[in-house]
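Data first, discussion second: the structure below is written as structure tokens.
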Amino acid sequence: AIPVGLTGKDILVQAQTGTGKTGTYGSIILSRISSGYNIPSALIITPTRELALQVSEELTKMAFYSGHRCMAIYGGVSIERQAAELKKGVDIVIGTPGRLKDLLNKKALRISKVSIAVLDEADRMLDMGFAKDLDFIISWLPKKRQNMMFSATMPPEVLSIAEQFMQDYEIIRTEMTRLSTELTDQIWNSVK
């Protein structure tokens, strides 16, 4: 996915949890956008606060030498504090659909210069009922941009969003022979 993504082509990637999706799109983003702008050049939409925080933390580590500033945006915390932080300048915004929508409505988040947009865990976002919020957020993005979608599964609904969200995209599927549970240690304890 990285070589294709580095060309600027839209990609739809199906890969299981734990296969390095964040590192993949993070590498593409950090290689393709400059740092130090006042408004974001990249937007990553995630279904949960936990994933937004995890992605922000990983990209911040990856951006240690490049100077890209990353910020997680999610509900359950002060929207005013997030708006104030955005005013200081950020290169990459990672957020949940509801809070992104709220900040767009308040005009506290400007995404008119986003050149790369990522939908992470697209299948989970649809399962959680974020289709309308995604449509709203996408409508604020510039027409000319690179789009990437990452999903563990590829049901027809994900392909439908890909058709609306992306142009001339390439589908990349990772090897599906290993179970994702092999990526974790499992311990069994007998309790009497």
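Chain lettering (A, B, ...) mirrors the order of the structure tokens, residue numbering begins at 1 for each chain separately, and ligand numbering begins at 1 in order of display.
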
Next item on the list: Would you please extract all helix (DSSP H, G or I) residues from stretch 76-123 of chain A, as assigned by DSSP on the backbone, and give them as a ChimeraX atom specification?
Entry: /A:79-87,97-105,122-123

Mind writing the picked residues with C-alpha atoms as a PDB file, in the first residue's frame?
ATOM      1  CA  ILE A  79     -14.590  21.586  22.828  1.00  0.00           C
ATOM      2  CA  GLU A  80     -13.340  25.102  23.632  1.00  0.00           C
ATOM      3  CA  ARG A  81      -9.948  23.740  24.675  1.00  0.00           C
ATOM      4  CA  GLN A  82      -9.722  21.726  21.433  1.00  0.00           C
ATOM      5  CA  ALA A  83     -10.702  24.815  19.399  1.00  0.00           C
ATOM      6  CA  ALA A  84      -7.991  26.861  21.151  1.00  0.00           C
ATOM      7  CA  GLU A  85      -5.411  24.158  20.463  1.00  0.00           C
ATOM      8  CA  LEU A  86      -6.375  24.087  16.769  1.00  0.00           C
ATOM      9  CA  LYS A  87      -5.722  27.857  16.563  1.00  0.00           C
ATOM     10  CA  PRO A  97     -16.994  11.988  13.346  1.00  0.00           C
ATOM     11  CA  GLY A  98     -19.232  13.627  15.965  1.00  0.00           C
ATOM     12  CA  ARG A  99     -16.603  15.989  17.363  1.00  0.00           C
ATOM     13  CA  LEU A 100     -15.214  16.803  13.911  1.00  0.00           C
ATOM     14  CA  LYS A 101     -18.727  17.762  12.829  1.00  0.00           C
ATOM     15  CA  ASP A 102     -19.213  19.923  15.937  1.00  0.00           C
ATOM     16  CA  LEU A 103     -15.933  21.785  15.351  1.00  0.00           C
ATOM     17  CA  LEU A 104     -16.740  22.306  11.670  1.00  0.00           C
ATOM     18  CA  ASN A 105     -20.156  23.746  12.591  1.00  0.00           C
ATOM     19  CA  ALA A 122     -14.427   2.311   7.793  1.00  0.00           C
ATOM     20  CA  ASP A 123     -16.471  -0.827   8.493  1.00  0.00           C
TER      21      ASP A 123
END

Item checked: stretch 99-146 of chain A: residues DSSP assigns to strand (DSSP E), reported as a ChimeraX atom specification -> /A:116-120,146

Give me a file of those residues, with N, CA, C and O atoms, as a PDB file, in the first residue's frame.
ATOM      1  N   ILE A 116      -4.798  15.177   2.098  1.00  0.00           N
ATOM      2  CA  ILE A 116      -4.915  13.731   2.315  1.00  0.00           C
ATOM      3  C   ILE A 116      -5.991  13.490   3.370  1.00  0.00           C
ATOM      4  O   ILE A 116      -5.933  14.046   4.468  1.00  0.00           O
ATOM      5  N   ALA A 117      -6.965  12.647   3.025  1.00  0.00           N
ATOM      6  CA  ALA A 117      -8.026  12.270   3.963  1.00  0.00           C
ATOM      7  C   ALA A 117      -8.029  10.752   4.116  1.00  0.00           C
ATOM      8  O   ALA A 117      -7.941  10.022   3.131  1.00  0.00           O
ATOM      9  N   VAL A 118      -8.140  10.297   5.369  1.00  0.00           N
ATOM     10  CA  VAL A 118      -8.118   8.868   5.680  1.00  0.00           C
ATOM     11  C   VAL A 118      -9.361   8.499   6.480  1.00  0.00           C
ATOM     12  O   VAL A 118      -9.699   9.185   7.450  1.00  0.00           O
ATOM     13  N   LEU A 119     -10.022   7.434   6.070  1.00  0.00           N
ATOM     14  CA  LEU A 119     -11.083   6.826   6.874  1.00  0.00           C
ATOM     15  C   LEU A 119     -10.496   5.547   7.459  1.00  0.00           C
ATOM     16  O   LEU A 119     -10.234   4.589   6.727  1.00  0.00           O
ATOM     17  N   ASP A 120     -10.251   5.535   8.756  1.00  0.00           N
ATOM     18  CA  ASP A 120      -9.677   4.366   9.417  1.00  0.00           C
ATOM     19  C   ASP A 120     -10.807   3.557  10.040  1.00  0.00           C
ATOM     20  O   ASP A 120     -11.704   4.114  10.664  1.00  0.00           O
ATOM     21  N   GLN A 146      -6.005  13.398  -1.880  1.00  0.00           N
ATOM     22  CA  GLN A 146      -5.791  11.953  -1.895  1.00  0.00           C
ATOM     23  C   GLN A 146      -6.658  11.352  -0.802  1.00  0.00           C
ATOM     24  O   GLN A 146      -6.742  11.891   0.298  1.00  0.00           O
TER      25      GLN A 146
END

Margin query: So that I can see what lies close to A:Lys88, please list as a PyMOL selection string the residues with an atom at most 12 Å from it, counting only C-alpha atoms and leaving out residues fewer than 6 positions away in the same chain.
Written below: chain A and resi 36-40+69-71+81-82+108-109

Those residues you just picked out, can you put them in a file as a tab-separated table (two decimals), in the first residue's frame with all heavy atoms?
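Once everything was written out, this is out39.tsv:
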chain	number	residue	atom	x	y	z
A	36	GLY	N	4.31	22.47	9.65
A	36	GLY	CA	4.40	23.86	10.05
A	36	GLY	C	3.32	24.79	9.55
A	36	GLY	O	3.47	26.00	9.59
A	37	TYR	N	2.20	24.24	9.09
A	37	TYR	CA	1.11	25.09	8.62
A	37	TYR	C	0.14	25.41	9.76
A	37	TYR	O	0.10	24.72	10.77
A	37	TYR	CB	0.36	24.43	7.46
A	37	TYR	CG	1.17	24.42	6.20
A	37	TYR	CD1	1.85	23.28	5.81
A	37	TYR	CD2	1.29	25.56	5.41
A	37	TYR	CE1	2.63	23.26	4.65
A	37	TYR	CE2	2.06	25.56	4.25
A	37	TYR	CZ	2.72	24.41	3.89
A	37	TYR	OH	3.48	24.41	2.76
A	38	ASN	N	-0.66	26.45	9.57
A	38	ASN	CA	-1.63	26.83	10.60
A	38	ASN	C	-2.89	25.97	10.59
A	38	ASN	O	-3.54	25.83	11.61
A	38	ASN	CB	-2.03	28.30	10.45
A	38	ASN	CG	-0.91	29.22	10.87
A	38	ASN	OD1	-0.10	28.87	11.71
A	38	ASN	ND2	-0.85	30.39	10.26
A	39	ILE	N	-3.23	25.45	9.41
A	39	ILE	CA	-4.42	24.60	9.34
A	39	ILE	C	-4.01	23.23	8.79
A	39	ILE	O	-3.00	23.11	8.10
A	39	ILE	CB	-5.56	25.24	8.51
A	39	ILE	CG1	-5.17	25.41	7.06
A	39	ILE	CG2	-6.00	26.54	9.13
A	39	ILE	CD1	-6.33	25.88	6.18
A	40	PRO	N	-4.79	22.19	9.11
A	40	PRO	CA	-4.38	20.83	8.77
A	40	PRO	C	-4.23	20.57	7.26
A	40	PRO	O	-5.01	21.08	6.46
A	40	PRO	CB	-5.50	19.96	9.34
A	40	PRO	CG	-6.31	20.83	10.21
A	40	PRO	CD	-6.05	22.24	9.83
A	69	ARG	N	2.93	18.31	13.45
A	69	ARG	CA	2.15	18.38	14.70
A	69	ARG	C	0.83	17.66	14.49
A	69	ARG	O	0.10	17.94	13.54
A	69	ARG	CB	1.90	19.84	15.08
A	69	ARG	CG	1.26	19.97	16.43
A	69	ARG	CD	1.48	21.36	17.03
A	69	ARG	NE	0.83	21.40	18.32
A	69	ARG	CZ	-0.39	21.89	18.52
A	69	ARG	NH1	-1.07	22.40	17.52
A	69	ARG	NH2	-0.92	21.89	19.72
A	70	CYS	N	0.55	16.71	15.39
A	70	CYS	CA	-0.67	15.89	15.32
A	70	CYS	C	-1.57	16.23	16.49
A	70	CYS	O	-1.10	16.55	17.58
A	70	CYS	CB	-0.32	14.40	15.38
A	70	CYS	SG	0.92	13.89	14.19
A	71	MET	N	-2.88	16.13	16.27
A	71	MET	CA	-3.82	16.41	17.35
A	71	MET	C	-5.03	15.49	17.25
A	71	MET	O	-5.61	15.34	16.17
A	71	MET	CB	-4.30	17.86	17.27
A	71	MET	CG	-5.27	18.22	18.37
A	71	MET	SD	-5.77	19.95	18.23
A	71	MET	CE	-7.05	19.99	19.47
A	81	ARG	N	-11.38	24.00	24.55
A	81	ARG	CA	-9.95	23.74	24.67
A	81	ARG	C	-9.40	23.18	23.36
A	81	ARG	O	-8.32	23.56	22.91
A	81	ARG	CB	-9.68	22.76	25.82
A	81	ARG	CG	-8.20	22.63	26.12
A	81	ARG	CD	-7.90	21.79	27.35
A	81	ARG	NE	-8.61	22.31	28.52
A	81	ARG	CZ	-9.20	21.53	29.42
A	81	ARG	NH1	-9.17	20.24	29.33
A	81	ARG	NH2	-9.82	22.07	30.45
A	82	GLN	N	-10.16	22.28	22.72
A	82	GLN	CA	-9.72	21.73	21.43
A	82	GLN	C	-9.68	22.83	20.37
A	82	GLN	O	-8.75	22.88	19.57
A	82	GLN	CB	-10.63	20.58	21.00
A	82	GLN	CG	-10.44	19.34	21.86
A	82	GLN	CD	-11.39	18.21	21.50
A	82	GLN	OE1	-12.41	18.41	20.86
A	82	GLN	NE2	-11.04	17.01	21.94
A	108	ALA	N	-14.44	26.23	14.04
A	108	ALA	CA	-13.19	26.15	14.79
A	108	ALA	C	-12.19	25.23	14.11
A	108	ALA	O	-10.99	25.29	14.39
A	108	ALA	CB	-13.46	25.65	16.21
A	109	LEU	N	-12.67	24.37	13.22
A	109	LEU	CA	-11.81	23.47	12.46
A	109	LEU	C	-11.93	23.84	10.99
A	109	LEU	O	-13.03	23.89	10.44
A	109	LEU	CB	-12.24	22.00	12.67
A	109	LEU	CG	-11.54	20.96	11.80
A	109	LEU	CD1	-10.03	20.93	12.07
A	109	LEU	CD2	-12.15	19.59	12.04

Checklist line | Shell of 8 Å around stretch 5-17 of chain A, only C-alpha atoms, local chain residues under 6 positions omitted, as a ChimeraX atom specification | finding: /A:25,28,31-32,146-154,162,166-176,180

Write out the residues from the selection above, keeping N, CA and C atoms, as a PDB file, in the first residue's frame.
ATOM      1  N   TYR A  25      -0.509   4.321   6.601  1.00  0.00           N
ATOM      2  CA  TYR A  25      -0.991   5.642   6.172  1.00  0.00           C
ATOM      3  C   TYR A  25      -0.191   6.762   6.816  1.00  0.00           C
ATOM      4  N   ILE A  28       2.776   7.403   4.588  1.00  0.00           N
ATOM      5  CA  ILE A  28       2.356   8.108   3.371  1.00  0.00           C
ATOM      6  C   ILE A  28       2.122   9.590   3.670  1.00  0.00           C
ATOM      7  N   SER A  31       5.284  11.566   4.459  1.00  0.00           N
ATOM      8  CA  SER A  31       6.134  11.719   3.275  1.00  0.00           C
ATOM      9  C   SER A  31       5.559  12.710   2.271  1.00  0.00           C
ATOM     10  N   ARG A  32       4.249  12.918   2.291  1.00  0.00           N
ATOM     11  CA  ARG A  32       3.609  13.696   1.235  1.00  0.00           C
ATOM     12  C   ARG A  32       3.208  15.110   1.640  1.00  0.00           C
ATOM     13  N   GLN A 146      -6.005  13.398  -1.880  1.00  0.00           N
ATOM     14  CA  GLN A 146      -5.791  11.953  -1.895  1.00  0.00           C
ATOM     15  C   GLN A 146      -6.658  11.352  -0.802  1.00  0.00           C
ATOM     16  N   ASN A 147      -7.306  10.232  -1.109  1.00  0.00           N
ATOM     17  CA  ASN A 147      -8.176   9.559  -0.156  1.00  0.00           C
ATOM     18  C   ASN A 147      -7.664   8.151   0.112  1.00  0.00           C
ATOM     19  N   MET A 148      -7.708   7.765   1.379  1.00  0.00           N
ATOM     20  CA  MET A 148      -7.338   6.403   1.758  1.00  0.00           C
ATOM     21  C   MET A 148      -8.384   5.869   2.726  1.00  0.00           C
ATOM     22  N   MET A 149      -8.809   4.653   2.487  1.00  0.00           N
ATOM     23  CA  MET A 149      -9.733   3.982   3.395  1.00  0.00           C
ATOM     24  C   MET A 149      -9.086   2.688   3.852  1.00  0.00           C
ATOM     25  N   PHE A 150      -9.203   2.408   5.144  1.00  0.00           N
ATOM     26  CA  PHE A 150      -8.670   1.181   5.721  1.00  0.00           C
ATOM     27  C   PHE A 150      -9.801   0.493   6.462  1.00  0.00           C
ATOM     28  N   SER A 151      -9.944  -0.809   6.231  1.00  0.00           N
ATOM     29  CA  SER A 151     -11.059  -1.545   6.796  1.00  0.00           C
ATOM     30  C   SER A 151     -10.644  -3.000   7.008  1.00  0.00           C
ATOM     31  N   ALA A 152     -11.099  -3.603   8.099  1.00  0.00           N
ATOM     32  CA  ALA A 152     -10.811  -5.015   8.347  1.00  0.00           C
ATOM     33  C   ALA A 152     -11.660  -5.906   7.447  1.00  0.00           C
ATOM     34  N   THR A 153     -12.867  -5.441   7.121  1.00  0.00           N
ATOM     35  CA  THR A 153     -13.758  -6.191   6.233  1.00  0.00           C
ATOM     36  C   THR A 153     -14.184  -5.276   5.090  1.00  0.00           C
ATOM     37  N   MET A 154     -14.702  -5.871   4.046  1.00  0.00           N
ATOM     38  CA  MET A 154     -15.110  -5.058   2.908  1.00  0.00           C
ATOM     39  C   MET A 154     -16.546  -5.408   2.474  1.00  0.00           C
ATOM     40  N   ALA A 162     -16.641   4.023  -0.608  1.00  0.00           N
ATOM     41  CA  ALA A 162     -15.453   4.207  -1.443  1.00  0.00           C
ATOM     42  C   ALA A 162     -15.831   4.864  -2.766  1.00  0.00           C
ATOM     43  N   MET A 166     -13.944   8.325  -3.115  1.00  0.00           N
ATOM     44  CA  MET A 166     -12.692   8.233  -3.847  1.00  0.00           C
ATOM     45  C   MET A 166     -12.898   8.229  -5.356  1.00  0.00           C
ATOM     46  N   GLN A 167     -11.804   8.521  -6.056  1.00  0.00           N
ATOM     47  CA  GLN A 167     -11.818   8.511  -7.516  1.00  0.00           C
ATOM     48  C   GLN A 167     -10.685   7.615  -7.994  1.00  0.00           C
ATOM     49  N   ASP A 168     -10.968   6.789  -8.986  1.00  0.00           N
ATOM     50  CA  ASP A 168      -9.947   5.947  -9.601  1.00  0.00           C
ATOM     51  C   ASP A 168      -9.046   5.315  -8.544  1.00  0.00           C
ATOM     52  N   TYR A 169      -9.656   4.593  -7.608  1.00  0.00           N
ATOM     53  CA  TYR A 169      -8.902   4.038  -6.498  1.00  0.00           C
ATOM     54  C   TYR A 169      -8.459   2.605  -6.776  1.00  0.00           C
ATOM     55  N   GLU A 170      -7.427   2.201  -6.032  1.00  0.00           N
ATOM     56  CA  GLU A 170      -6.930   0.840  -6.128  1.00  0.00           C
ATOM     57  C   GLU A 170      -7.291   0.104  -4.843  1.00  0.00           C
ATOM     58  N   ILE A 171      -7.766  -1.128  -4.984  1.00  0.00           N
ATOM     59  CA  ILE A 171      -8.086  -1.964  -3.824  1.00  0.00           C
ATOM     60  C   ILE A 171      -6.869  -2.828  -3.527  1.00  0.00           C
ATOM     61  N   ILE A 172      -6.433  -2.793  -2.270  1.00  0.00           N
ATOM     62  CA  ILE A 172      -5.290  -3.590  -1.826  1.00  0.00           C
ATOM     63  C   ILE A 172      -5.761  -4.436  -0.653  1.00  0.00           C
ATOM     64  N   ARG A 173      -5.557  -5.743  -0.776  1.00  0.00           N
ATOM     65  CA  ARG A 173      -5.954  -6.662   0.301  1.00  0.00           C
ATOM     66  C   ARG A 173      -4.713  -7.365   0.827  1.00  0.00           C
ATOM     67  N   THR A 174      -4.593  -7.418   2.159  1.00  0.00           N
ATOM     68  CA  THR A 174      -3.481  -8.161   2.750  1.00  0.00           C
ATOM     69  C   THR A 174      -3.850  -9.634   2.785  1.00  0.00           C
ATOM     70  N   GLU A 175      -2.841 -10.453   3.004  1.00  0.00           N
ATOM     71  CA  GLU A 175      -3.065 -11.893   3.086  1.00  0.00           C
ATOM     72  C   GLU A 175      -4.001 -12.173   4.254  1.00  0.00           C
ATOM     73  N   MET A 176      -5.036 -12.950   4.003  1.00  0.00           N
ATOM     74  CA  MET A 176      -6.042 -13.206   5.030  1.00  0.00           C
ATOM     75  C   MET A 176      -5.936 -14.626   5.588  1.00  0.00           C
ATOM     76  N   SER A 180      -6.421 -13.006  13.114  1.00  0.00           N
ATOM     77  CA  SER A 180      -5.904 -11.871  13.883  1.00  0.00           C
ATOM     78  C   SER A 180      -5.602 -12.270  15.318  1.00  0.00           C
TER      79      SER A 180
END

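When atom CA of A:Val114 is paired with atom CA of A:Ile44, their separation reads 10.2 Å.
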
Next item on the list: Please provide as a ChimeraX atom specification all residues within 8 Å of A:Leu141, with the sequence filter that same-chain residues fewer than 4 positions apart are discarded (counting only C-alpha atoms).
Entry: /A:111-114,137

Write the residues you've just listed into a file as a PDB file, in the first residue's frame, and include N, CA and C atoms for each of them.
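Result file selection-v5.pdb:
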ATOM      1  N   ILE A 111     -10.736  22.714   7.271  1.00  0.00           N
ATOM      2  CA  ILE A 111     -10.136  21.596   6.534  1.00  0.00           C
ATOM      3  C   ILE A 111     -10.067  21.890   5.028  1.00  0.00           C
ATOM      4  N   SER A 112     -10.069  23.161   4.699  1.00  0.00           N
ATOM      5  CA  SER A 112     -10.060  23.561   3.290  1.00  0.00           C
ATOM      6  C   SER A 112      -8.725  23.307   2.604  1.00  0.00           C
ATOM      7  N   LYS A 113      -7.669  23.052   3.369  1.00  0.00           N
ATOM      8  CA  LYS A 113      -6.342  22.796   2.793  1.00  0.00           C
ATOM      9  C   LYS A 113      -5.914  21.330   2.941  1.00  0.00           C
ATOM     10  N   VAL A 114      -6.853  20.466   3.351  1.00  0.00           N
ATOM     11  CA  VAL A 114      -6.516  19.046   3.509  1.00  0.00           C
ATOM     12  C   VAL A 114      -6.225  18.448   2.140  1.00  0.00           C
ATOM     13  N   ILE A 137     -18.802  15.628   6.840  1.00  0.00           N
ATOM     14  CA  ILE A 137     -17.387  15.991   6.926  1.00  0.00           C
ATOM     15  C   ILE A 137     -16.754  16.006   5.537  1.00  0.00           C
TER      16      ILE A 137
END

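The gap separating atom CA of A:Ala1 from atom CA of A:Ser160 is 20.6 Å, in Å to one decimal.
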
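Compared by their closest atoms to A:Val158, and using only C-alpha atoms, the residues A:Ile33, A:Glu121, A:Gly23, A:Gly76 rank with A:Glu121 nearest.
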
Next item on the list: Using only C-alpha atoms, pick whichever of A:Thr19, A:Gln164, A:Ser139, A:Gln54 has the shortest atom-to-atom distance to A:Gly95.
Entry: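 With only C-alpha atoms as the atom set, the closest residue is A:Gln54.
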
Check: Between atom CA of A:Glu58 and atom CA of A:Gly89, what is the spacing in Å?
Finding: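 Atom CA of A:Glu58 lies 19.0 Å from atom CA of A:Gly89.
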
Item checked: All residues 9 Å or closer to A:Thr48, only C-alpha atoms, same chain fewer than 4 positions away omitted, as a list in words ->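 In the requested format, the answer is Ala52, Leu53, Tyr74, Gly95, Thr96, Pro97 and Met125 of chain A.
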